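Heads up, work19.csv below (CSV, N, CA and C atoms):
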```csv
chain,number,residue,atom,x,y,z
V,11,MET,N,-10.0,11.0,-25.5
V,11,MET,CA,-9.3,9.9,-25.0
V,11,MET,C,-10.4,8.8,-24.8
V,12,VAL,N,-10.0,7.5,-25.1
V,12,VAL,CA,-10.9,6.4,-24.9
V,12,VAL,C,-11.1,6.2,-23.4
V,13,GLY,N,-12.4,6.0,-23.0
V,13,GLY,CA,-12.8,5.8,-21.7
V,13,GLY,C,-13.0,4.3,-21.4
V,14,LEU,N,-13.1,4.0,-20.1
V,14,LEU,CA,-13.3,2.6,-19.6
V,14,LEU,C,-14.4,2.6,-18.7
V,15,VAL,N,-15.2,1.5,-18.7
V,15,VAL,CA,-16.2,1.2,-17.7
V,15,VAL,C,-16.0,-0.3,-17.3
V,16,VAL,N,-16.0,-0.4,-15.9
V,16,VAL,CA,-15.8,-1.8,-15.3
V,16,VAL,C,-17.2,-2.1,-14.8
V,17,VAL,N,-17.7,-3.3,-15.3
V,17,VAL,CA,-19.0,-3.8,-14.8
V,17,VAL,C,-18.8,-5.0,-14.0
V,18,SER,N,-19.3,-5.0,-12.8
V,18,SER,CA,-19.1,-6.2,-11.9
V,18,SER,C,-20.4,-6.4,-11.1
V,19,HIS,N,-20.7,-7.6,-10.7
V,19,HIS,CA,-21.8,-7.9,-9.9
V,19,HIS,C,-21.7,-7.3,-8.5
V,20,SER,N,-20.4,-7.0,-8.2
V,20,SER,CA,-20.1,-6.4,-6.9
V,20,SER,C,-19.7,-4.9,-7.0
V,21,ALA,N,-20.3,-4.0,-6.3
V,21,ALA,CA,-19.9,-2.6,-6.4
V,21,ALA,C,-18.5,-2.5,-5.8
V,22,LYS,N,-18.2,-3.2,-4.8
V,22,LYS,CA,-16.9,-3.1,-4.2
V,22,LYS,C,-15.8,-3.6,-5.2
V,23,ALA,N,-16.1,-4.7,-5.9
V,23,ALA,CA,-15.1,-5.3,-6.8
V,23,ALA,C,-14.9,-4.3,-8.0
V,24,ALA,N,-16.0,-3.7,-8.5
V,24,ALA,CA,-15.8,-2.7,-9.6
V,24,ALA,C,-15.0,-1.5,-9.1
V,25,GLU,N,-15.3,-1.0,-8.0
V,25,GLU,CA,-14.6,0.1,-7.4
V,25,GLU,C,-13.1,-0.2,-7.2
V,26,GLY,N,-12.8,-1.4,-6.7
V,26,GLY,CA,-11.4,-1.8,-6.5
V,26,GLY,C,-10.7,-2.0,-7.8
V,27,ILE,N,-11.3,-2.5,-8.8
V,27,ILE,CA,-10.6,-2.7,-10.1
V,27,ILE,C,-10.4,-1.3,-10.7
V,28,VAL,N,-11.3,-0.4,-10.6
V,28,VAL,CA,-11.1,1.0,-11.1
V,28,VAL,C,-9.9,1.6,-10.3
V,29,GLU,N,-9.9,1.4,-9.0
V,29,GLU,CA,-8.8,2.0,-8.2
V,29,GLU,C,-7.4,1.5,-8.7
V,30,VAL,N,-7.3,0.2,-9.0
V,30,VAL,CA,-6.0,-0.4,-9.4
V,30,VAL,C,-5.7,0.2,-10.8
V,31,ALA,N,-6.7,0.1,-11.7
V,31,ALA,CA,-6.4,0.6,-13.1
V,31,ALA,C,-6.1,2.1,-13.2
V,32,ALA,N,-6.7,2.8,-12.3
V,32,ALA,CA,-6.5,4.3,-12.3
V,32,ALA,C,-5.0,4.6,-11.9
V,33,GLU,N,-4.4,3.7,-11.1
V,33,GLU,CA,-3.0,4.0,-10.8
V,33,GLU,C,-2.1,4.0,-12.0
V,34,MET,N,-2.5,3.2,-13.0
V,34,MET,CA,-1.7,3.1,-14.2
V,34,MET,C,-2.3,4.0,-15.4
V,35,GLY,N,-3.5,4.5,-15.2
V,35,GLY,CA,-4.2,5.1,-16.3
V,35,GLY,C,-4.1,6.6,-16.5
V,36,GLY,N,-3.3,7.2,-15.6
V,36,GLY,CA,-3.2,8.7,-15.7
V,36,GLY,C,-4.6,9.4,-15.7
V,37,ASP,N,-4.8,10.1,-16.8
V,37,ASP,CA,-6.1,10.9,-16.9
V,37,ASP,C,-7.2,10.1,-17.6
V,38,THR,N,-7.0,8.9,-17.8
V,38,THR,CA,-8.0,8.1,-18.5
V,38,THR,C,-9.3,8.1,-17.6
V,39,ALA,N,-10.4,8.3,-18.2
V,39,ALA,CA,-11.7,8.2,-17.5
V,39,ALA,C,-12.1,6.8,-17.3
V,40,ILE,N,-12.2,6.4,-16.1
V,40,ILE,CA,-12.5,5.0,-15.7
V,40,ILE,C,-13.6,5.0,-14.7
V,41,GLU,N,-14.8,4.4,-15.1
V,41,GLU,CA,-16.0,4.4,-14.3
V,41,GLU,C,-16.3,3.0,-13.8
V,42,ALA,N,-16.8,2.9,-12.6
V,42,ALA,CA,-17.2,1.7,-12.0
V,42,ALA,C,-18.8,1.6,-12.1
V,43,ALA,N,-19.3,0.4,-12.5
V,43,ALA,CA,-20.7,0.2,-12.6
V,43,ALA,C,-20.9,-1.2,-12.0
V,44,GLY,N,-20.9,-1.2,-10.6
V,44,GLY,CA,-21.0,-2.4,-9.9
V,44,GLY,C,-22.3,-2.5,-9.1
V,45,GLY,N,-22.8,-3.7,-8.9
V,45,GLY,CA,-23.9,-3.9,-8.0
V,45,GLY,C,-25.2,-3.6,-8.7
V,46,ASP,N,-26.3,-3.8,-8.1
V,46,ASP,CA,-27.6,-3.6,-8.7
V,46,ASP,C,-28.2,-2.3,-8.4
V,47,GLY,N,-27.6,-1.5,-7.6
V,47,GLY,CA,-28.1,-0.2,-7.2
V,47,GLY,C,-28.8,-0.1,-5.9
V,48,ASP,N,-29.1,-1.3,-5.4
V,48,ASP,CA,-29.8,-1.4,-4.1
V,48,ASP,C,-28.9,-2.0,-3.0
V,49,GLY,N,-27.6,-2.0,-3.3
V,49,GLY,CA,-26.6,-2.5,-2.3
V,49,GLY,C,-26.4,-4.0,-2.3
V,50,VAL,N,-26.9,-4.7,-3.3
V,50,VAL,CA,-26.8,-6.1,-3.3
V,50,VAL,C,-26.1,-6.5,-4.6
V,51,ILE,N,-25.7,-7.8,-4.6
V,51,ILE,CA,-25.0,-8.3,-5.8
V,51,ILE,C,-25.9,-8.3,-7.0
V,52,GLY,N,-25.4,-7.9,-8.1
V,52,GLY,CA,-26.2,-7.9,-9.4
V,52,GLY,C,-25.6,-6.8,-10.3
V,53,THR,N,-26.3,-6.6,-11.4
V,53,THR,CA,-25.9,-5.6,-12.3
V,53,THR,C,-27.2,-4.8,-12.7
V,54,ASN,N,-27.0,-3.6,-13.2
V,54,ASN,CA,-28.1,-2.7,-13.5
V,54,ASN,C,-27.8,-1.9,-14.8
V,55,VAL,N,-28.7,-2.0,-15.7
V,55,VAL,CA,-28.5,-1.3,-17.0
V,55,VAL,C,-28.4,0.2,-16.8
V,56,ASP,N,-29.2,0.8,-15.9
V,56,ASP,CA,-29.1,2.3,-15.7
V,56,ASP,C,-27.7,2.7,-15.1
V,57,ARG,N,-27.2,1.9,-14.2
V,57,ARG,CA,-25.8,2.2,-13.7
V,57,ARG,C,-24.8,2.1,-14.8
V,58,ILE,N,-24.9,1.1,-15.6
V,58,ILE,CA,-24.0,1.0,-16.7
V,58,ILE,C,-24.1,2.1,-17.7
V,59,SER,N,-25.3,2.5,-18.0
V,59,SER,CA,-25.6,3.6,-18.9
V,59,SER,C,-25.0,4.9,-18.4
V,60,ASP,N,-25.2,5.2,-17.1
V,60,ASP,CA,-24.6,6.4,-16.5
V,60,ASP,C,-23.1,6.3,-16.6
V,61,ALA,N,-22.5,5.2,-16.3
V,61,ALA,CA,-21.0,5.1,-16.4
V,61,ALA,C,-20.5,5.3,-17.8
V,62,LEU,N,-21.2,4.7,-18.8
V,62,LEU,CA,-20.8,5.0,-20.2
V,62,LEU,C,-20.8,6.4,-20.5
V,63,ALA,N,-21.9,7.1,-20.1
V,63,ALA,CA,-22.0,8.6,-20.4
V,63,ALA,C,-20.9,9.3,-19.7
V,64,ALA,N,-20.5,9.0,-18.5
V,64,ALA,CA,-19.5,9.7,-17.8
V,64,ALA,C,-18.1,9.4,-18.4
V,65,ALA,N,-17.9,8.2,-18.9
V,65,ALA,CA,-16.5,7.9,-19.4
V,65,ALA,C,-16.3,8.3,-20.9
V,66,ASP,N,-17.4,8.6,-21.6
V,66,ASP,CA,-17.3,8.9,-23.0
V,66,ASP,C,-17.0,10.3,-23.3
V,67,ASP,N,-15.8,10.7,-23.8
V,67,ASP,CA,-15.6,12.0,-24.2
V,67,ASP,C,-15.6,12.2,-25.8
V,68,GLY,N,-16.1,11.2,-26.4
V,68,GLY,CA,-16.3,11.2,-27.9
V,68,GLY,C,-15.4,10.2,-28.6
V,69,ASP,N,-14.4,9.7,-27.9
V,69,ASP,CA,-13.5,8.7,-28.5
V,69,ASP,C,-13.9,7.3,-28.3
V,70,GLY,N,-15.0,7.0,-27.6
V,70,GLY,CA,-15.5,5.7,-27.4
V,70,GLY,C,-15.1,5.2,-26.0
V,71,VAL,N,-15.7,4.0,-25.7
V,71,VAL,CA,-15.6,3.4,-24.3
V,71,VAL,C,-15.4,1.9,-24.5
V,72,VAL,N,-14.4,1.4,-23.8
V,72,VAL,CA,-14.1,0.0,-23.6
V,72,VAL,C,-14.8,-0.4,-22.3
V,73,VAL,N,-15.6,-1.5,-22.4
V,73,VAL,CA,-16.3,-2.0,-21.3
V,73,VAL,C,-15.7,-3.4,-20.9
V,74,LEU,N,-15.4,-3.5,-19.6
V,74,LEU,CA,-14.8,-4.7,-19.1
V,74,LEU,C,-15.9,-5.3,-18.1
V,75,VAL,N,-16.2,-6.6,-18.3
V,75,VAL,CA,-17.3,-7.2,-17.5
V,75,VAL,C,-16.8,-8.4,-16.8
V,76,ASP,N,-17.5,-8.8,-15.7
V,76,ASP,CA,-17.1,-10.0,-15.0
V,76,ASP,C,-17.8,-11.2,-15.6
V,77,LEU,N,-19.1,-11.4,-15.6
V,77,LEU,CA,-19.8,-12.6,-16.1
V,77,LEU,C,-21.3,-12.4,-16.2
V,78,GLY,N,-21.9,-13.4,-16.8
V,78,GLY,CA,-23.4,-13.5,-16.9
V,78,GLY,C,-24.1,-12.2,-17.2
V,79,SER,N,-25.0,-11.8,-16.3
V,79,SER,CA,-25.8,-10.6,-16.5
V,79,SER,C,-25.0,-9.3,-16.7
V,80,ALA,N,-23.8,-9.3,-16.3
V,80,ALA,CA,-22.9,-8.1,-16.5
V,80,ALA,C,-22.8,-8.0,-18.0
V,81,VAL,N,-22.6,-9.1,-18.7
V,81,VAL,CA,-22.4,-9.0,-20.2
V,81,VAL,C,-23.8,-8.6,-20.8
V,82,MET,N,-24.8,-9.2,-20.4
V,82,MET,CA,-26.2,-8.9,-21.0
V,82,MET,C,-26.6,-7.5,-20.8
V,83,ASN,N,-26.4,-7.0,-19.5
V,83,ASN,CA,-26.8,-5.7,-19.2
V,83,ASN,C,-25.9,-4.6,-19.9
V,84,ALA,N,-24.6,-5.0,-20.0
V,84,ALA,CA,-23.7,-4.1,-20.7
V,84,ALA,C,-24.1,-4.0,-22.2
V,85,GLU,N,-24.5,-5.1,-22.8
V,85,GLU,CA,-24.9,-5.0,-24.2
V,85,GLU,C,-26.2,-4.2,-24.4
V,86,VAL,N,-27.1,-4.2,-23.4
V,86,VAL,CA,-28.3,-3.4,-23.5
V,86,VAL,C,-27.9,-1.9,-23.4
V,87,ALA,N,-27.1,-1.6,-22.4
V,87,ALA,CA,-26.6,-0.2,-22.2
V,87,ALA,C,-25.9,0.3,-23.4
V,88,ILE,N,-25.1,-0.5,-24.0
V,88,ILE,CA,-24.3,-0.1,-25.2
V,88,ILE,C,-25.3,0.2,-26.3
V,89,GLU,N,-26.3,-0.6,-26.5
V,89,GLU,CA,-27.3,-0.3,-27.5
V,89,GLU,C,-28.0,1.0,-27.3
V,90,MET,N,-28.2,1.4,-26.1
V,90,MET,CA,-28.9,2.6,-25.8
V,90,MET,C,-28.0,3.8,-25.8
V,91,HIS,N,-26.7,3.6,-25.7
V,91,HIS,CA,-25.7,4.7,-25.7
V,91,HIS,C,-25.5,5.4,-27.0
V,92,ASP,N,-25.5,6.7,-26.9
V,92,ASP,CA,-25.3,7.5,-28.1
V,92,ASP,C,-24.0,7.4,-28.8
V,93,GLY,N,-22.9,7.1,-28.0
V,93,GLY,CA,-21.6,7.0,-28.5
V,93,GLY,C,-21.2,5.6,-28.9
V,94,GLU,N,-19.9,5.4,-29.2
V,94,GLU,CA,-19.4,4.1,-29.5
V,94,GLU,C,-18.8,3.5,-28.3
V,95,ALA,N,-19.2,2.2,-28.1
V,95,ALA,CA,-18.7,1.4,-27.0
V,95,ALA,C,-18.7,0.0,-27.3
V,96,VAL,N,-17.7,-0.8,-26.8
V,96,VAL,CA,-17.6,-2.2,-27.1
V,96,VAL,C,-17.1,-2.9,-25.8
V,97,ILE,N,-17.6,-4.2,-25.7
V,97,ILE,CA,-17.1,-5.0,-24.6
V,97,ILE,C,-15.8,-5.7,-25.0
V,98,ALA,N,-14.8,-5.7,-24.2
V,98,ALA,CA,-13.6,-6.4,-24.4
V,98,ALA,C,-13.7,-7.8,-23.8
V,99,ASP,N,-13.3,-8.8,-24.6
V,99,ASP,CA,-13.3,-10.1,-24.2
V,99,ASP,C,-12.0,-10.5,-23.5
V,100,GLY,N,-11.9,-10.1,-22.3
V,100,GLY,CA,-10.6,-10.3,-21.5
V,100,GLY,C,-10.9,-10.3,-20.0
V,101,PRO,N,-9.9,-10.7,-19.3
V,101,PRO,CA,-10.1,-10.7,-17.8
V,101,PRO,C,-10.3,-9.3,-17.3
V,102,VAL,N,-11.2,-9.1,-16.4
V,102,VAL,CA,-11.7,-7.8,-16.0
V,102,VAL,C,-10.6,-7.0,-15.3
V,103,LEU,N,-9.8,-7.5,-14.4
V,103,LEU,CA,-8.8,-6.7,-13.7
V,103,LEU,C,-7.6,-6.5,-14.6
V,104,GLU,N,-7.0,-7.5,-15.1
V,104,GLU,CA,-5.8,-7.4,-15.9
V,104,GLU,C,-6.2,-6.6,-17.2
V,105,GLY,N,-7.3,-6.9,-17.7
V,105,GLY,CA,-7.8,-6.1,-18.9
V,105,GLY,C,-8.0,-4.7,-18.7
V,106,ALA,N,-8.5,-4.3,-17.5
V,106,ALA,CA,-8.7,-2.9,-17.1
V,106,ALA,C,-7.4,-2.2,-17.0
V,107,VAL,N,-6.4,-2.9,-16.4
V,107,VAL,CA,-5.1,-2.3,-16.3
V,107,VAL,C,-4.4,-2.1,-17.6
V,108,ASN,N,-4.4,-3.1,-18.5
V,108,ASN,CA,-3.9,-3.0,-19.8
V,108,ASN,C,-4.6,-1.9,-20.6
V,109,ALA,N,-5.9,-1.9,-20.5
V,109,ALA,CA,-6.6,-0.9,-21.3
V,109,ALA,C,-6.4,0.6,-20.8
V,110,ALA,N,-6.2,0.7,-19.5
V,110,ALA,CA,-5.9,2.0,-18.9
V,110,ALA,C,-4.6,2.5,-19.4
V,111,VAL,N,-3.6,1.7,-19.4
V,111,VAL,CA,-2.3,2.1,-19.9
V,111,VAL,C,-2.4,2.4,-21.4
V,112,ALA,N,-3.0,1.6,-22.2
V,112,ALA,CA,-3.2,1.8,-23.6
V,112,ALA,C,-3.9,3.1,-23.9
V,113,ALA,N,-4.9,3.4,-23.1
V,113,ALA,CA,-5.7,4.6,-23.3
V,113,ALA,C,-4.9,5.9,-23.1
V,114,THR,N,-3.7,5.8,-22.4
V,114,THR,CA,-2.9,7.0,-22.2
V,114,THR,C,-2.1,7.4,-23.4
V,115,ASP,N,-2.0,6.5,-24.4
V,115,ASP,CA,-1.3,6.9,-25.6
V,115,ASP,C,-2.1,7.9,-26.4
V,116,PRO,N,-1.5,9.0,-26.8
V,116,PRO,CA,-2.3,10.0,-27.5
V,116,PRO,C,-2.8,9.5,-28.9
V,117,LYS,N,-2.3,8.4,-29.4
V,117,LYS,CA,-2.8,7.9,-30.7
V,117,LYS,C,-3.7,6.7,-30.4
V,118,ALA,N,-4.1,6.5,-29.2
V,118,ALA,CA,-5.0,5.4,-28.8
V,118,ALA,C,-6.3,5.5,-29.6
V,119,THR,N,-6.8,4.3,-30.0
V,119,THR,CA,-8.1,4.2,-30.6
V,119,THR,C,-8.9,3.2,-29.8
V,120,LEU,N,-10.2,3.2,-30.1
V,120,LEU,CA,-11.1,2.2,-29.4
V,120,LEU,C,-10.5,0.8,-29.7
V,121,GLU,N,-10.2,0.5,-31.0
V,121,GLU,CA,-9.7,-0.8,-31.3
V,121,GLU,C,-8.3,-1.1,-30.6
V,122,SER,N,-7.4,-0.2,-30.5
V,122,SER,CA,-6.1,-0.5,-29.9
V,122,SER,C,-6.3,-0.7,-28.4
V,123,VAL,N,-7.2,0.0,-27.8
V,123,VAL,CA,-7.5,-0.2,-26.3
V,123,VAL,C,-8.1,-1.6,-26.1
V,124,VAL,N,-9.1,-1.9,-26.9
V,124,VAL,CA,-9.7,-3.3,-26.8
V,124,VAL,C,-8.7,-4.3,-27.0
V,125,GLU,N,-7.8,-4.2,-28.0
V,125,GLU,CA,-6.8,-5.2,-28.3
V,125,GLU,C,-5.9,-5.4,-27.0
V,126,GLN,N,-5.5,-4.3,-26.4
V,126,GLN,CA,-4.7,-4.5,-25.2
V,126,GLN,C,-5.5,-5.1,-24.0
V,127,ALA,N,-6.7,-4.7,-23.9
V,127,ALA,CA,-7.6,-5.4,-22.8
V,127,ALA,C,-7.7,-6.9,-23.0
V,128,GLU,N,-7.9,-7.3,-24.3
V,128,GLU,CA,-8.0,-8.7,-24.6
V,128,GLU,C,-6.7,-9.4,-24.5
V,129,ALA,N,-5.6,-8.7,-24.8
V,129,ALA,CA,-4.3,-9.3,-24.7
V,129,ALA,C,-3.9,-9.8,-23.3
V,130,ALA,N,-4.6,-9.2,-22.3
V,130,ALA,CA,-4.4,-9.5,-20.9
V,130,ALA,C,-4.7,-11.0,-20.6
V,131,ALA,N,-5.5,-11.6,-21.5
V,131,ALA,CA,-5.9,-13.0,-21.3
V,131,ALA,C,-4.6,-13.9,-21.4
V,132,ASP,N,-3.6,-13.4,-22.0
V,132,ASP,CA,-2.4,-14.2,-22.2
V,132,ASP,C,-1.3,-13.9,-21.2
V,133,ILE,N,-1.6,-13.2,-20.2
V,133,ILE,CA,-0.6,-12.9,-19.1
V,133,ILE,C,-0.4,-14.1,-18.3
V,134,ASP,N,0.9,-14.5,-18.2
V,134,ASP,CA,1.3,-15.7,-17.4
V,134,ASP,C,1.5,-15.2,-16.0
V,135,LYS,N,0.9,-15.8,-15.0
V,135,LYS,CA,1.0,-15.4,-13.6
V,135,LYS,C,1.9,-16.4,-12.8
V,136,THR,N,2.5,-17.3,-13.5
V,136,THR,CA,3.4,-18.2,-12.7
V,136,THR,C,4.9,-18.0,-13.0
```
Output the file's structure in the form of C-alpha coordinates.
Amino acid sequence: MVGLVVVSHSAKAAEGIVEVAAEMGGDTAIEAAGGDGDGVIGTNVDRISDALAAADDGDGVVVLVDLGSAVMNAEVAIEMHDGEAVIADGPVLEGAVNAAVAATDPKATLESVVEQAEAAADIDKT
(Lines of atoms letter the chains of each structure in order from A and count residues from 1; the text may use other names and numbers.)
(Lines give C-alpha, C1' and ligand atoms only; values in the text may rest on other atoms or scores of the structure.)
Protein backbone atom coordinates (compact mmCIF):
# COMPACT_ATOMS: atom_id res chain seq x y z
CA MET A 1 0.00 0.00 0.00
CA VAL A 2 1.24 3.51 -0.80
CA GLY A 3 2.23 5.34 2.38
CA LEU A 4 2.01 9.02 3.27
CA VAL A 5 4.28 11.43 5.12
CA VAL A 6 3.13 14.86 6.28
CA VAL A 7 5.95 17.37 6.73
CA SER A 8 5.21 20.59 8.57
CA HIS A 9 7.20 23.19 10.45
CA SER A 10 4.92 22.47 13.39
CA ALA A 11 4.87 19.06 15.04
CA LYS A 12 1.33 19.77 16.25
CA ALA A 13 0.16 20.70 12.75
CA ALA A 14 1.69 17.55 11.21
CA GLU A 15 0.13 15.36 13.90
CA GLY A 16 -3.26 17.04 13.47
CA ILE A 17 -3.21 16.60 9.71
CA VAL A 18 -2.29 12.95 10.13
CA GLU A 19 -5.14 12.56 12.62
CA VAL A 20 -7.67 13.98 10.13
CA ALA A 21 -6.33 11.99 7.16
CA ALA A 22 -6.22 8.77 9.18
CA GLU A 23 -9.98 9.03 9.75
CA MET A 24 -10.44 8.56 6.01
CA GLY A 25 -7.39 6.42 5.25
CA GLY A 26 -8.24 3.09 6.82
CA ASP A 27 -5.05 1.05 7.08
CA THR A 28 -2.95 3.53 5.11
CA ALA A 29 0.41 4.18 6.78
CA ILE A 30 0.48 7.91 7.49
CA GLU A 31 3.43 9.41 9.36
CA ALA A 32 3.93 12.90 10.78
CA ALA A 33 7.33 14.58 10.44
CA GLY A 34 6.83 17.94 12.07
CA GLY A 35 9.04 20.33 13.93
CA ASP A 36 12.81 20.41 14.13
CA GLY A 37 13.14 17.68 16.76
CA ASP A 38 13.93 20.08 19.58
CA GLY A 39 10.35 21.15 20.19
CA VAL A 40 10.49 24.31 18.09
CA ILE A 41 9.20 25.36 14.69
CA GLY A 42 11.27 23.98 11.82
CA THR A 43 11.93 20.85 9.82
CA ASN A 44 14.49 18.10 10.16
CA VAL A 45 15.87 15.74 7.51
CA ASP A 46 16.33 12.89 10.02
CA ARG A 47 12.70 13.11 11.20
CA ILE A 48 11.52 13.07 7.59
CA SER A 49 13.82 10.12 6.77
CA ASP A 50 12.48 8.16 9.73
CA ALA A 51 8.90 8.88 8.65
CA LEU A 52 9.64 7.77 5.08
CA ALA A 53 11.06 4.48 6.34
CA ALA A 54 8.06 3.91 8.62
CA ALA A 55 5.48 4.67 5.90
CA ASP A 56 7.13 2.70 3.08
CA ASP A 57 6.03 -0.91 2.69
CA GLY A 58 7.51 -1.16 -0.79
CA ASP A 59 4.79 0.57 -2.82
CA GLY A 60 6.23 4.06 -2.35
CA VAL A 61 5.44 7.13 -0.29
CA VAL A 62 3.64 10.36 -1.12
CA VAL A 63 5.03 13.31 0.83
CA LEU A 64 2.89 16.35 1.60
CA VAL A 65 4.70 19.48 2.75
CA ASP A 66 3.75 22.89 4.04
CA LEU A 67 6.38 25.35 2.74
CA GLY A 68 9.98 26.49 2.44
CA SER A 69 12.47 24.27 4.23
CA ALA A 70 9.87 21.50 4.48
CA VAL A 71 10.21 21.13 0.71
CA MET A 72 14.01 21.34 0.74
CA ASN A 73 14.44 18.91 3.64
CA ALA A 74 11.90 16.49 2.17
CA GLU A 75 13.85 16.51 -1.10
CA VAL A 76 17.07 15.68 0.78
CA ALA A 77 15.35 12.89 2.74
CA ILE A 78 13.87 11.46 -0.46
CA GLU A 79 17.30 11.41 -2.10
CA MET A 80 18.64 9.41 0.86
CA HIS A 81 15.62 7.05 0.97
CA ASP A 82 16.09 3.55 -0.42
CA GLY A 83 12.53 3.34 -1.72
CA GLU A 84 10.42 5.42 -4.05
CA ALA A 85 8.95 8.67 -2.74
CA VAL A 86 7.62 11.84 -4.31
CA ILE A 87 6.41 15.22 -3.09
CA ALA A 88 2.84 16.03 -4.08
CA ASP A 89 2.28 19.62 -5.18
CA GLY A 90 -0.99 20.21 -3.38
CA PRO A 91 -2.46 21.63 -0.20
CA VAL A 92 -1.16 19.71 2.78
CA LEU A 93 -4.42 19.01 4.67
CA GLU A 94 -6.80 18.49 1.77
CA GLY A 95 -4.08 16.68 -0.16
CA ALA A 96 -3.41 14.35 2.75
CA VAL A 97 -7.10 13.47 3.04
CA ASN A 98 -7.45 12.87 -0.71
CA ALA A 99 -4.25 10.82 -0.76
CA ALA A 100 -5.30 8.75 2.24
CA VAL A 101 -8.59 7.87 0.56
CA ALA A 102 -6.87 7.10 -2.75
CA ALA A 103 -4.31 4.88 -1.03
CA THR A 104 -7.07 2.59 0.27
CA ASP A 105 -7.81 1.42 -3.29
CA PRO A 106 -6.20 -2.00 -3.77
CA LYS A 107 -5.12 -0.85 -7.25
CA ALA A 108 -3.56 2.39 -5.98
CA THR A 109 -0.18 3.35 -7.37
CA LEU A 110 2.22 6.05 -6.33
CA GLU A 111 1.11 8.05 -9.37
CA SER A 112 -2.62 7.68 -8.67
CA VAL A 113 -2.19 8.76 -5.05
CA VAL A 114 -0.09 11.78 -6.06
CA GLU A 115 -2.74 12.68 -8.63
CA GLN A 116 -5.45 12.71 -5.98
CA ALA A 117 -3.30 14.69 -3.53
CA GLU A 118 -2.66 17.32 -6.18
CA ALA A 119 -6.32 17.37 -7.27
CA ALA A 120 -7.12 18.77 -3.81
CA ALA A 121 -5.85 22.14 -5.06
CA ASP A 122 -9.10 22.42 -7.03
CA ILE A 123 -11.42 21.89 -4.06
CA ASP A 124 -13.89 24.78 -3.84
CA LYS A 125 -14.51 25.78 -0.23
CA THR A 126 -17.26 28.29 -0.85
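Within 12 Å of the file-frame point (-21.6, 9.7, -16.2), and using only C-alpha atoms, the polymer residues found are Gly13, Leu14, Val15, Ala39, Ile40, Glu41, Ala42, Ala43, Asp56, Arg57, Ile58, Ser59, Asp60, Ala61, Leu62, Ala63, Ala64, Ala65, Asp66, Asp67, Val71 and His91 of chain V.
Distances to Glu104 (chain V) were evaluated for V:Val55, V:Ala80, V:Val16, V:Val50 using only C-alpha atoms, and the minimum falls at V:Val16.
Excluding region 76-78 of chain V itself and same-chain residues fewer than 6 positions from it, the residues having an atom within 10 Å of it are V:Val16, V:Val17, V:Ser18, V:His19, V:Ser20, V:Ala23, V:Ala24, V:Gly44, V:Gly52, V:Thr53, V:Asp99, V:Gly100, V:Pro101, V:Val102, V:Leu103, counting only C-alpha atoms.
Shortest atom-to-atom contact with Gln126 (chain V) among V:Asp69, V:Ala95, V:Leu74, V:Val86: V:Leu74, counting only C-alpha atoms.
Closest approach to Ala130 (chain V) among V:Ala113, V:Ile97, V:Val12, V:Gly105: V:Gly105, based on all atoms listed in the file.
Taking CA of Asp132 (chain V) and CA of Ile51 (chain V) as endpoints, the distance between them is 28.5 Å.
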Residue list (alpha helix (DSSP H), DSSP) for region 30-131 of chain V, as an MDAnalysis selection string: chainID V and resid 30:34 55:65 79:90 102:113 120:129
In region 24-66 of chain V, DSSP strand (DSSP E or B) residues written as an mmCIF file with N, CA and C atoms, keeping the file's coordinate frame:
```
data_model
loop_
_atom_site.group_PDB
_atom_site.id
_atom_site.type_symbol
_atom_site.label_atom_id
_atom_site.label_comp_id
_atom_site.auth_asym_id
_atom_site.auth_seq_id
_atom_site.Cartn_x
_atom_site.Cartn_y
_atom_site.Cartn_z
ATOM 1 N N ILE V 40 -12.200 6.400 -16.100
ATOM 2 C CA ILE V 40 -12.500 5.000 -15.700
ATOM 3 C C ILE V 40 -13.600 5.000 -14.700
ATOM 4 N N GLU V 41 -14.800 4.400 -15.100
ATOM 5 C CA GLU V 41 -16.000 4.400 -14.300
ATOM 6 C C GLU V 41 -16.300 3.000 -13.800
ATOM 7 N N ALA V 42 -16.800 2.900 -12.600
ATOM 8 C CA ALA V 42 -17.200 1.700 -12.000
ATOM 9 C C ALA V 42 -18.800 1.600 -12.100
ATOM 10 N N ALA V 43 -19.300 0.400 -12.500
ATOM 11 C CA ALA V 43 -20.700 0.200 -12.600
ATOM 12 C C ALA V 43 -20.900 -1.200 -12.000
ATOM 13 N N GLY V 44 -20.900 -1.200 -10.600
ATOM 14 C CA GLY V 44 -21.000 -2.400 -9.900
ATOM 15 C C GLY V 44 -22.300 -2.500 -9.100
#
```
Any idea what the distance is between CA of Glu25 (chain V) and CA of Asn83 (chain V)? 17.9 Å
Atom N of Asp37 (chain V) to atom N of Met90 (chain V), straight-line distance in Å: 26.6 Å
Could you list, as a ChimeraX atom specification, every residue within 8 Å of Ala31 (chain V), counting all atoms listed in the file and ignoring same-chain residues fewer than 3 positions away? /V:25-28,34-36,40,103,105-111
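With distances restricted to all atoms listed in the file, V:Glu125 is the closest residue to Ala98 (chain V) from V:Glu29, V:Glu125, V:Asp46, V:Asp134.
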Excluding same-chain residues fewer than 5 positions from Lys117 (chain V), what lies within 10 Å of it counting only C-alpha atoms, as a count of residues only? 3
